[in-house]
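**Student:** Contents of query.cif (mmCIF, C-alpha atoms; chains and numbers go by the auth columns) are below:
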```cif
data_protein
loop_
_atom_site.group_PDB
_atom_site.id
_atom_site.type_symbol
_atom_site.label_atom_id
_atom_site.label_comp_id
_atom_site.label_asym_id
_atom_site.label_seq_id
_atom_site.Cartn_x
_atom_site.Cartn_y
_atom_site.Cartn_z
_atom_site.B_iso_or_equiv
_atom_site.auth_seq_id
_atom_site.auth_asym_id
ATOM 1 C CA ASN A 1 13.783 25.976 -33.597 0.00 1465 T
ATOM 2 C CA GLU A 2 17.162 25.529 -35.259 0.00 1466 T
ATOM 3 C CA GLU A 3 17.877 22.772 -32.760 0.00 1467 T
ATOM 4 C CA LEU A 4 14.927 20.679 -33.903 0.00 1468 T
ATOM 5 C CA VAL A 5 15.515 18.419 -36.867 0.00 1469 T
ATOM 6 C CA LYS A 6 12.884 16.660 -38.918 0.00 1470 T
ATOM 7 C CA ASP A 7 13.058 13.329 -37.093 0.00 1471 T
ATOM 8 C CA PRO A 8 12.220 13.766 -33.374 0.00 1472 T
ATOM 9 C CA SER A 9 14.430 10.777 -32.536 0.00 1473 T
ATOM 10 C CA LYS A 10 17.471 12.603 -33.919 0.00 1474 T
ATOM 11 C CA THR A 11 17.142 15.668 -31.696 0.00 1475 T
ATOM 12 C CA SER A 12 19.392 16.405 -28.733 0.00 1476 T
ATOM 13 C CA PHE A 13 16.166 16.302 -26.690 0.00 1477 T
ATOM 14 C CA PHE A 14 15.716 12.622 -27.549 0.00 1478 T
ATOM 15 C CA LYS A 15 19.399 11.812 -27.075 0.00 1479 T
ATOM 16 C CA ALA A 16 19.285 13.303 -23.578 0.00 1480 T
ATOM 17 C CA MET A 17 16.288 11.130 -22.757 0.00 1481 T
ATOM 18 C CA MET A 18 18.239 8.047 -23.799 0.00 1482 T
ATOM 19 C CA LEU A 19 20.854 8.864 -21.155 0.00 1483 T
ATOM 20 C CA ALA A 20 18.246 8.998 -18.395 0.00 1484 T
ATOM 21 C CA ARG A 21 16.829 6.143 -16.307 0.00 1485 T
ATOM 22 C CA GLY A 22 13.364 7.509 -16.883 0.00 1486 T
ATOM 23 C CA ILE A 23 11.215 10.604 -16.953 0.00 1487 T
ATOM 24 C CA LEU A 24 9.248 12.553 -14.369 0.00 1488 T
ATOM 25 C CA LEU A 25 5.828 13.714 -15.518 0.00 1489 T
ATOM 26 C CA ILE A 26 4.892 16.799 -13.481 0.00 1490 T
ATOM 27 C CA LEU A 27 1.176 17.556 -13.559 0.00 1491 T
ATOM 28 C CA ASP A 28 -0.637 20.748 -12.691 0.00 1492 T
ATOM 29 C CA SER A 29 -4.244 20.636 -11.501 0.00 1493 T
ATOM 30 C CA ALA A 30 -5.471 20.509 -15.117 0.00 1494 T
ATOM 31 C CA ALA A 31 -3.001 17.770 -16.142 0.00 1495 T
ATOM 32 C CA THR A 32 -1.761 20.106 -18.882 0.00 1496 T
ATOM 33 C CA PRO A 33 1.242 17.934 -19.873 0.00 1497 T
ATOM 34 C CA LEU A 34 -1.199 15.297 -21.114 0.00 1498 T
ATOM 35 C CA THR A 35 -2.325 17.825 -23.725 0.00 1499 T
ATOM 36 C CA ARG A 36 1.110 18.932 -24.990 0.00 1500 T
ATOM 37 C CA ILE A 37 2.728 17.054 -27.857 0.00 1501 T
ATOM 38 C CA TRP A 38 6.345 17.111 -26.661 0.00 1502 T
ATOM 39 C CA CYS A 39 5.213 15.727 -23.297 0.00 1503 T
ATOM 40 C CA ALA A 40 3.264 13.093 -25.205 0.00 1504 T
ATOM 41 C CA TYR A 41 6.437 12.207 -27.082 0.00 1505 T
ATOM 42 C CA GLU A 42 8.350 11.813 -23.815 0.00 1506 T
ATOM 43 C CA GLU A 43 5.665 9.468 -22.528 0.00 1507 T
ATOM 44 C CA TYR A 44 5.681 7.510 -25.797 0.00 1508 T
ATOM 45 C CA VAL A 45 9.447 7.034 -25.575 0.00 1509 T
ATOM 46 C CA ALA A 46 9.327 5.975 -21.923 0.00 1510 T
ATOM 47 C CA LEU A 47 6.468 3.540 -22.477 0.00 1511 T
ATOM 48 C CA THR A 48 7.791 1.886 -25.632 0.00 1512 T
ATOM 49 C CA SER A 49 11.559 2.022 -25.109 0.00 1513 T
ATOM 50 C CA ASP A 50 13.454 -1.281 -25.210 0.00 1514 T
ATOM 51 C CA SER A 51 15.472 -0.074 -22.225 0.00 1515 T
ATOM 52 C CA ALA A 52 12.422 -0.145 -19.903 0.00 1516 T
ATOM 53 C CA MET A 53 12.571 3.479 -18.808 0.00 1517 T
ATOM 54 C CA LEU A 54 10.938 4.500 -15.550 0.00 1518 T
ATOM 55 C CA LEU A 55 7.918 6.797 -15.610 0.00 1519 T
ATOM 56 C CA ASP A 56 7.186 8.647 -12.369 0.00 1520 T
ATOM 57 C CA ILE A 57 4.361 11.155 -11.924 0.00 1521 T
ATOM 58 C CA SER A 58 4.216 14.068 -9.494 0.00 1522 T
ATOM 59 C CA THR A 59 2.062 17.035 -8.609 0.00 1523 T
ATOM 60 C CA ALA A 60 2.003 19.790 -6.003 0.00 1524 T
ATOM 61 C CA THR A 61 -0.856 20.388 -3.586 0.00 1525 T
ATOM 62 C CA ASP A 62 -1.331 22.649 -0.581 0.00 1526 T
ATOM 63 C CA SER A 63 0.156 19.918 1.607 0.00 1527 T
ATOM 64 C CA GLY A 64 3.292 19.537 -0.524 0.00 1528 T
ATOM 65 C CA ALA A 65 4.490 17.322 -3.361 0.00 1529 T
ATOM 66 C CA ASP A 66 2.761 14.021 -4.163 0.00 1530 T
ATOM 67 C CA LEU A 67 4.591 11.306 -6.083 0.00 1531 T
ATOM 68 C CA LEU A 68 3.608 8.155 -7.958 0.00 1532 T
ATOM 69 C CA THR A 69 6.635 5.990 -8.680 0.00 1533 T
ATOM 70 C CA ASP A 70 7.369 3.181 -11.081 0.00 1534 T
ATOM 71 C CA GLY A 71 8.369 0.834 -8.277 0.00 1535 T
ATOM 72 C CA LEU A 72 9.873 1.709 -4.907 0.00 1536 T
ATOM 73 C CA THR A 73 11.907 4.831 -4.195 0.00 1537 T
ATOM 74 C CA ASP A 74 15.580 4.432 -3.260 0.00 1538 T
ATOM 75 C CA ALA A 75 14.709 5.165 0.374 0.00 1539 T
ATOM 76 C CA GLU A 76 12.028 2.471 0.357 0.00 1540 T
ATOM 77 C CA LYS A 77 14.370 -0.029 -1.281 0.00 1541 T
ATOM 78 C CA ALA A 78 16.903 0.602 1.483 0.00 1542 T
ATOM 79 C CA LEU A 79 14.545 -0.850 4.104 0.00 1543 T
ATOM 80 C CA ASP A 80 15.286 -4.404 5.207 0.00 1544 T
ATOM 81 C CA ASP A 81 11.597 -5.346 5.223 0.00 1545 T
ATOM 82 C CA GLU A 82 10.177 -5.325 1.669 0.00 1546 T
ATOM 83 C CA GLY A 83 6.656 -5.610 3.048 0.00 1547 T
ATOM 84 C CA GLN A 84 7.156 -2.448 5.056 0.00 1548 T
ATOM 85 C CA ALA A 85 8.594 -0.747 1.970 0.00 1549 T
ATOM 86 C CA ARG A 86 5.500 -1.676 -0.064 0.00 1550 T
ATOM 87 C CA ARG A 87 3.223 -0.373 2.673 0.00 1551 T
ATOM 88 C CA LEU A 88 5.097 2.922 2.745 0.00 1552 T
ATOM 89 C CA GLN A 89 4.658 3.165 -1.025 0.00 1553 T
ATOM 90 C CA VAL A 90 0.931 2.552 -0.641 0.00 1554 T
ATOM 91 C CA HIS A 91 0.669 5.260 2.025 0.00 1555 T
ATOM 92 C CA ARG A 92 2.659 7.728 -0.085 0.00 1556 T
ATOM 93 C CA GLN A 93 0.719 7.149 -3.281 0.00 1557 T
ATOM 94 C CA ALA A 94 -2.659 7.254 -1.524 0.00 1558 T
ATOM 95 C CA ALA A 95 -2.100 10.989 -1.021 0.00 1559 T
ATOM 96 C CA PHE A 96 -2.152 11.679 -4.775 0.00 1560 T
ATOM 97 C CA PRO A 97 -5.278 13.655 -5.777 0.00 1561 T
ATOM 98 C CA LEU A 98 -7.973 11.303 -7.052 0.00 1562 T
ATOM 99 C CA GLU A 99 -9.372 13.709 -9.645 0.00 1563 T
ATOM 100 C CA LEU A 100 -5.916 14.109 -11.148 0.00 1564 T
ATOM 101 C CA LEU A 101 -5.450 10.346 -11.239 0.00 1565 T
ATOM 102 C CA CYS A 102 -8.716 10.043 -13.138 0.00 1566 T
ATOM 103 C CA LYS A 103 -7.509 12.485 -15.803 0.00 1567 T
ATOM 104 C CA GLY A 104 -4.731 10.004 -16.565 0.00 1568 T
ATOM 105 C CA LEU A 105 -7.090 7.059 -17.033 0.00 1569 T
ATOM 106 C CA ARG A 106 -8.337 8.261 -20.422 0.00 1570 T
ATOM 107 C CA PRO A 107 -5.403 10.011 -22.103 0.00 1571 T
ATOM 108 C CA LEU A 108 -5.691 11.142 -25.711 0.00 1572 T
ATOM 109 C CA LEU A 109 -2.076 11.918 -26.457 0.00 1573 T
ATOM 110 C CA HIS A 110 -2.745 12.021 -30.204 0.00 1574 T
ATOM 111 C CA LYS A 111 -4.993 15.022 -29.569 0.00 1575 T
ATOM 112 C CA ALA A 112 -2.173 16.933 -27.864 0.00 1576 T
ATOM 113 C CA GLU A 113 -1.253 20.375 -29.150 0.00 1577 T
ATOM 114 C CA ALA A 114 2.011 22.128 -29.983 0.00 1578 T
ATOM 115 C CA SER A 115 3.277 25.691 -30.170 0.00 1579 T
ATOM 116 C CA GLN A 116 4.733 24.809 -33.580 0.00 1580 T
ATOM 117 C CA PRO A 117 2.169 22.843 -35.657 0.00 1581 T
ATOM 118 C CA ILE A 118 4.913 21.015 -37.568 0.00 1582 T
ATOM 119 C CA ASP A 119 6.142 19.506 -34.300 0.00 1583 T
ATOM 120 C CA ARG A 120 2.756 17.883 -33.776 0.00 1584 T
ATOM 121 C CA VAL A 121 2.742 16.533 -37.334 0.00 1585 T
ATOM 122 C CA ARG A 122 6.190 14.983 -37.055 0.00 1586 T
ATOM 123 C CA ILE A 123 5.733 13.566 -33.573 0.00 1587 T
ATOM 124 C CA LEU A 124 2.424 11.910 -34.408 0.00 1588 T
ATOM 125 C CA ASN A 125 3.927 10.441 -37.559 0.00 1589 T
ATOM 126 C CA LYS A 126 6.888 9.207 -35.540 0.00 1590 T
ATOM 127 C CA ILE A 127 4.574 7.571 -33.015 0.00 1591 T
ATOM 128 C CA ALA A 128 2.716 5.968 -35.931 0.00 1592 T
ATOM 129 C CA ARG A 129 6.121 4.676 -37.107 0.00 1593 T
ATOM 130 C CA ARG A 130 5.965 6.262 -40.515 0.00 1594 T
ATOM 131 C CA ASP A 131 9.104 6.503 -42.639 0.00 1595 T
ATOM 132 C CA LEU A 132 11.338 9.565 -42.585 0.00 1596 T
ATOM 133 C CA ALA A 133 9.990 10.661 -45.973 0.00 1597 T
ATOM 134 C CA GLU A 134 6.458 10.683 -44.518 0.00 1598 T
ATOM 135 C CA LEU A 135 7.116 12.686 -41.345 0.00 1599 T
ATOM 136 C CA ASP A 136 5.779 15.894 -42.873 0.00 1600 T
ATOM 137 C CA GLU A 137 2.642 14.248 -44.234 0.00 1601 T
ATOM 138 C CA PRO A 138 -0.722 14.910 -42.552 0.00 1602 T
ATOM 139 C CA PRO A 139 -0.838 12.589 -39.533 0.00 1603 T
ATOM 140 C CA HIS A 140 -3.413 9.861 -39.119 0.00 1604 T
ATOM 141 C CA GLU A 141 -6.482 10.852 -37.125 0.00 1605 T
ATOM 142 C CA GLU A 142 -6.486 7.401 -35.511 0.00 1606 T
ATOM 143 C CA HIS A 143 -3.800 4.717 -35.360 0.00 1607 T
ATOM 144 C CA ASP A 144 -3.077 1.500 -33.470 0.00 1608 T
ATOM 145 C CA MET A 145 0.081 3.026 -32.008 0.00 1609 T
ATOM 146 C CA TYR A 146 -1.870 5.962 -30.605 0.00 1610 T
ATOM 147 C CA ASP A 147 -4.172 3.462 -28.898 0.00 1611 T
ATOM 148 C CA GLU A 148 -1.233 1.443 -27.589 0.00 1612 T
ATOM 149 C CA VAL A 149 0.502 4.421 -25.992 0.00 1613 T
ATOM 150 C CA ASN A 150 -2.740 5.798 -24.555 0.00 1614 T
ATOM 151 C CA CYS A 151 -3.565 2.414 -23.019 0.00 1615 T
ATOM 152 C CA CYS A 152 -0.068 1.999 -21.577 0.00 1616 T
ATOM 153 C CA LEU A 153 -0.179 5.418 -19.938 0.00 1617 T
ATOM 154 C CA ALA A 154 -3.675 4.786 -18.581 0.00 1618 T
ATOM 155 C CA GLY A 155 -2.379 1.528 -17.110 0.00 1619 T
ATOM 156 C CA VAL A 156 0.404 3.383 -15.292 0.00 1620 T
ATOM 157 C CA PHE A 157 -2.131 5.689 -13.654 0.00 1621 T
ATOM 158 C CA ALA A 158 -4.503 2.811 -12.875 0.00 1622 T
ATOM 159 C CA GLN A 159 -1.869 0.687 -11.165 0.00 1623 T
ATOM 160 C CA ALA A 160 -0.397 3.557 -9.164 0.00 1624 T
ATOM 161 C CA GLY A 161 -3.810 4.857 -8.097 0.00 1625 T
ATOM 162 C CA TRP A 162 -5.626 1.562 -7.598 0.00 1626 T
ATOM 163 C CA ILE A 163 -5.815 1.710 -3.806 0.00 1627 T
ATOM 164 C CA LYS A 164 -6.844 5.369 -3.849 0.00 1628 T
ATOM 165 C CA GLY A 165 -9.646 4.490 -6.242 0.00 1629 T
ATOM 166 C CA MET A 166 -10.619 1.452 -4.205 0.00 1630 T
ATOM 167 C CA LEU A 167 -10.849 3.377 -0.944 0.00 1631 T
ATOM 168 C CA ASN A 168 -13.167 5.849 -2.631 0.00 1632 T
ATOM 169 C CA GLY A 169 -15.298 3.147 -4.267 0.00 1633 T
ATOM 170 C CA ARG A 170 -14.404 4.341 -7.751 0.00 1634 T
ATOM 171 C CA VAL A 171 -12.304 1.670 -9.461 0.00 1635 T
ATOM 172 C CA ARG A 172 -15.227 0.691 -11.684 0.00 1636 T
ATOM 173 C CA LYS A 173 -16.964 4.038 -11.950 0.00 1637 T
ATOM 174 C CA ASP A 174 -13.863 5.944 -13.008 0.00 1638 T
ATOM 175 C CA GLY A 175 -12.336 3.273 -15.215 0.00 1639 T
ATOM 176 C CA PHE A 176 -9.402 1.975 -13.158 0.00 1640 T
ATOM 177 C CA THR A 177 -10.433 -1.610 -13.919 0.00 1641 T
ATOM 178 C CA GLU A 178 -10.713 -1.121 -17.661 0.00 1642 T
ATOM 179 C CA ALA A 179 -7.514 0.937 -17.855 0.00 1643 T
ATOM 180 C CA LEU A 180 -5.396 -1.691 -16.157 0.00 1644 T
ATOM 181 C CA ARG A 181 -6.947 -4.610 -18.043 0.00 1645 T
ATOM 182 C CA SER A 182 -6.337 -2.831 -21.355 0.00 1646 T
ATOM 183 C CA ASP A 183 -2.649 -2.036 -20.719 0.00 1647 T
ATOM 184 C CA PRO A 184 -0.909 -4.051 -23.484 0.00 1648 T
ATOM 185 C CA HIS A 185 2.546 -3.875 -21.887 0.00 1649 T
ATOM 186 C CA ARG A 186 1.632 -4.715 -18.294 0.00 1650 T
ATOM 187 C CA LYS A 187 3.616 -7.808 -17.258 0.00 1651 T
ATOM 188 C CA VAL A 188 3.874 -7.341 -13.476 0.00 1652 T
ATOM 189 C CA TRP A 189 1.427 -6.151 -10.834 0.00 1653 T
ATOM 190 C CA ILE A 190 2.406 -6.033 -7.162 0.00 1654 T
ATOM 191 C CA LEU A 191 -0.547 -5.066 -4.979 0.00 1655 T
ATOM 192 C CA ASP A 192 -0.460 -4.785 -1.183 0.00 1656 T
ATOM 193 C CA LEU A 193 -3.943 -4.503 0.304 0.00 1657 T
ATOM 194 C CA SER A 194 -2.904 -5.300 3.869 0.00 1658 T
ATOM 195 C CA MET A 195 -3.343 -1.675 4.980 0.00 1659 T
ATOM 196 C CA VAL A 196 -6.810 -1.109 3.554 0.00 1660 T
ATOM 197 C CA ASP A 197 -8.864 -4.178 4.613 0.00 1661 T
ATOM 198 C CA PRO A 198 -10.543 -5.039 1.295 0.00 1662 T
ATOM 199 C CA ASP A 199 -13.719 -7.095 1.001 0.00 1663 T
ATOM 200 C CA ASP A 200 -14.839 -9.725 -1.496 0.00 1664 T
ATOM 201 C CA ALA A 201 -16.085 -7.124 -3.992 0.00 1665 T
ATOM 202 C CA ASP A 202 -12.678 -5.435 -3.958 0.00 1666 T
ATOM 203 C CA LEU A 203 -10.972 -8.732 -4.812 0.00 1667 T
ATOM 204 C CA ALA A 204 -13.450 -9.300 -7.618 0.00 1668 T
ATOM 205 C CA ASP A 205 -12.528 -5.877 -9.013 0.00 1669 T
ATOM 206 C CA VAL A 206 -8.842 -6.823 -8.876 0.00 1670 T
ATOM 207 C CA GLY A 207 -9.565 -10.013 -10.778 0.00 1671 T
ATOM 208 C CA GLU A 208 -11.434 -8.182 -13.526 0.00 1672 T
ATOM 209 C CA ALA A 209 -8.510 -5.769 -13.913 0.00 1673 T
ATOM 210 C CA LEU A 210 -5.851 -8.424 -14.568 0.00 1674 T
ATOM 211 C CA PRO A 211 -4.368 -8.006 -18.064 0.00 1675 T
ATOM 212 C CA ALA A 212 -4.416 -11.124 -20.236 0.00 1676 T
ATOM 213 C CA GLN A 213 -0.642 -11.038 -20.806 0.00 1677 T
ATOM 214 C CA LEU A 214 0.329 -10.620 -17.112 0.00 1678 T
ATOM 215 C CA LEU A 215 3.348 -12.721 -16.116 0.00 1679 T
ATOM 216 C CA GLN A 216 3.682 -11.936 -12.404 0.00 1680 T
ATOM 217 C CA PHE A 217 0.946 -11.047 -9.925 0.00 1681 T
ATOM 218 C CA THR A 218 1.794 -10.561 -6.246 0.00 1682 T
ATOM 219 C CA LEU A 219 -1.093 -9.832 -3.877 0.00 1683 T
ATOM 220 C CA SER A 220 -0.862 -9.285 -0.130 0.00 1684 T
ATOM 221 C CA CYS A 221 -4.064 -9.535 1.919 0.00 1685 T
ATOM 222 C CA ARG A 222 -2.431 -9.932 5.311 0.00 1686 T
ATOM 223 C CA ARG A 223 -4.870 -9.232 8.151 0.00 1687 T
ATOM 224 C CA CYS A 224 -7.691 -8.658 5.638 0.00 1688 T
ATOM 225 C CA GLU A 225 -10.557 -9.977 7.743 0.00 1689 T
ATOM 226 C CA GLN A 226 -13.342 -9.120 5.272 0.00 1690 T
ATOM 227 C CA VAL A 227 -11.976 -11.387 2.526 0.00 1691 T
ATOM 228 C CA ASN A 228 -13.802 -14.707 2.296 0.00 1692 T
ATOM 229 C CA ASP A 229 -13.932 -17.671 -0.058 0.00 1693 T
ATOM 230 C CA ALA A 230 -16.263 -15.815 -2.431 0.00 1694 T
ATOM 231 C CA GLY A 231 -13.729 -13.050 -3.010 0.00 1695 T
ATOM 232 C CA LEU A 232 -10.879 -15.482 -3.509 0.00 1696 T
ATOM 233 C CA ALA A 233 -12.957 -17.514 -5.941 0.00 1697 T
ATOM 234 C CA ALA A 234 -13.866 -14.384 -7.916 0.00 1698 T
ATOM 235 C CA LEU A 235 -10.206 -13.425 -8.114 0.00 1699 T
ATOM 236 C CA ALA A 236 -9.086 -16.931 -9.057 0.00 1700 T
ATOM 237 C CA GLY A 237 -11.646 -17.054 -11.841 0.00 1701 T
ATOM 238 C CA HIS A 238 -9.880 -14.190 -13.604 0.00 1702 T
ATOM 239 C CA LEU A 239 -6.256 -15.283 -13.201 0.00 1703 T
ATOM 240 C CA PRO A 240 -4.731 -15.206 -16.697 0.00 1704 T
ATOM 241 C CA GLY A 241 -3.125 -18.308 -18.125 0.00 1705 T
ATOM 242 C CA SER A 242 0.008 -16.300 -18.879 0.00 1706 T
ATOM 243 C CA LEU A 243 1.052 -16.156 -15.199 0.00 1707 T
ATOM 244 C CA GLN A 244 4.394 -17.796 -14.471 0.00 1708 T
#
```
What would you get if you wrote out this structure as structure tokens?
**Tutor:**
Amino acid sequence: NEELVKDPSKTSFFKAMMLARGILLILDSAATPLTRIWCAYEEYVALTSDSAMLLDISTATDSGADLLTDGLTDAEKALDDEGQARRLQVHRQAAFPLELLCKGLRPLLHKAEASQPIDRVRILNKIARRDLAELDEPPHEEHDMYDEVNCCLAGVFAQAGWIKGMLNGRVRKDGFTEALRSDPHRKVWILDLSMVDPDDADLADVGEALPAQLLQFTLSCRRCEQVNDAGLAALAGHLPGSLQ
């Protein structure tokens, strides 16, 4: 406790994070880190940092470790064929447990708990961008910054788990579409559907998930024989004007 100062951004914990390329969120079967305030603070820093920190997510199952990555792994980047690298990423991320993915689609980080109640107070006030003199004040029950961070984190889960949700027919039912569309920081979406043979309804779902502020959208439907003009038209009808 002596190590923790009033302002969470002045702690050695925060300073160590600033030296890292990103963070690894390790989830148990109950997604407990999504309910702990210091984990919430890590996610807030990664999602709002000017340095564009990476946020990877992992869990352990009976078959081993499953990993969702913010982009390609180093091994995938080393491949000469980027298309093959993207397909390997799709295959790897499709193994992530669907129920655990769904827990990340509706995070409530501002409801997270702490072993020391004052930590929760100060972290929530920091997320709400209150002044140093206000960090010990009762935190807001609701705040725009809470919503922003929750939506950003939900978008991370939605993008990484999109194909898993699609293969199980659950992108609408479980909120993948809404989570991705509501991600306020999402600028790029690279989606390779060449391994999963989508149909027109799947493309329509993709279109409805496109965030309004998206700058780059890369979609591969190579060898997707079920995609017809209707699916392409549905997708095209939702392309945001922000695309470059």
**Student:** Can you list what the PyMOL selection byres ((chain T and resi 1636-1639) around 12) grabs from this structure, as a PyMOL selection string?
**Tutor:** chain T and resi 1562-1571+1615+1618-1619+1621-1623+1625-1626+1628-1635+1640-1646+1665-1666+1668-1670+1672-1673
**Student:** Determine the residue set returned by the PyMOL selection byres ((chain T and resi 1607) around 12) for the present structure, and present it as a PyMOL selection string.
**Tutor:** chain T and resi 1572-1575+1588-1594+1603-1606+1608-1614
**Student:** One decimal, in Å: what's the spacing between CA of Leu1543 (chain T) and CA of Gly1486 (chain T)?
**Tutor:**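 Computing it gives 22.6 Å between the two atoms.
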**Student:** Please evaluate the PyMOL selection byres ((chain T and resi 1664) around 7) against the structure above and give the resulting residues as a list in words.
**Tutor:**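 So the PyMOL selection byres ((chain T and resi 1664) around 7) ends up selecting Pro1662, Asp1663, Ala1665, Asp1666, Leu1667, Ala1668, Gln1690, Val1691, Asn1692, Ala1694 and Gly1695 of chain T.
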**Student:** Build an axis-aligned box that encloses every atom of region 1488-1505 of chain T listed in the file, pad it by 5 Å on each side, and report its centre and edge lengths in Å to one decimal, as AutoDock Vina command-line options.
**Tutor:**
```
--center_x 1.9 --center_y 16.5 --center_z -19.7 --size_x 24.7 --size_y 18.5 --size_z 26.4
```
**Student:** Considering only C-alpha atoms, can you say which of T:Ala1480, T:Val1660, T:Ala1559, T:Ile1487 comes closest to Tyr1508 (chain T)?
**Tutor:**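 Once distances to Tyr1508 (chain T) are computed over only C-alpha atoms, the minimum belongs to T:Ile1487.
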**Student:** Quick one: pull the distance between CA of Ile1490 (chain T) and CA of Ser1522 (chain T), Å, one decimal.
**Tutor:**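 These two atoms are separated by 4.9 Å.
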**Student:** Which distance in Å separates CA of Ser1658 (chain T) and CA of Arg1551 (chain T), to one decimal?
**Tutor:**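 We find that CA of Ser1658 (chain T) and CA of Arg1551 (chain T) lie 8.0 Å from each other.
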**Student:** Here is a test: counting only C-alpha atoms, which residue of T:Asp1545, T:Asp1661, T:Asp1534, T:Asp1492 is nearest to Leu1511 (chain T)?
**Tutor:**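 Answer, going by the shortest atom-to-atom distance: T:Asp1534.
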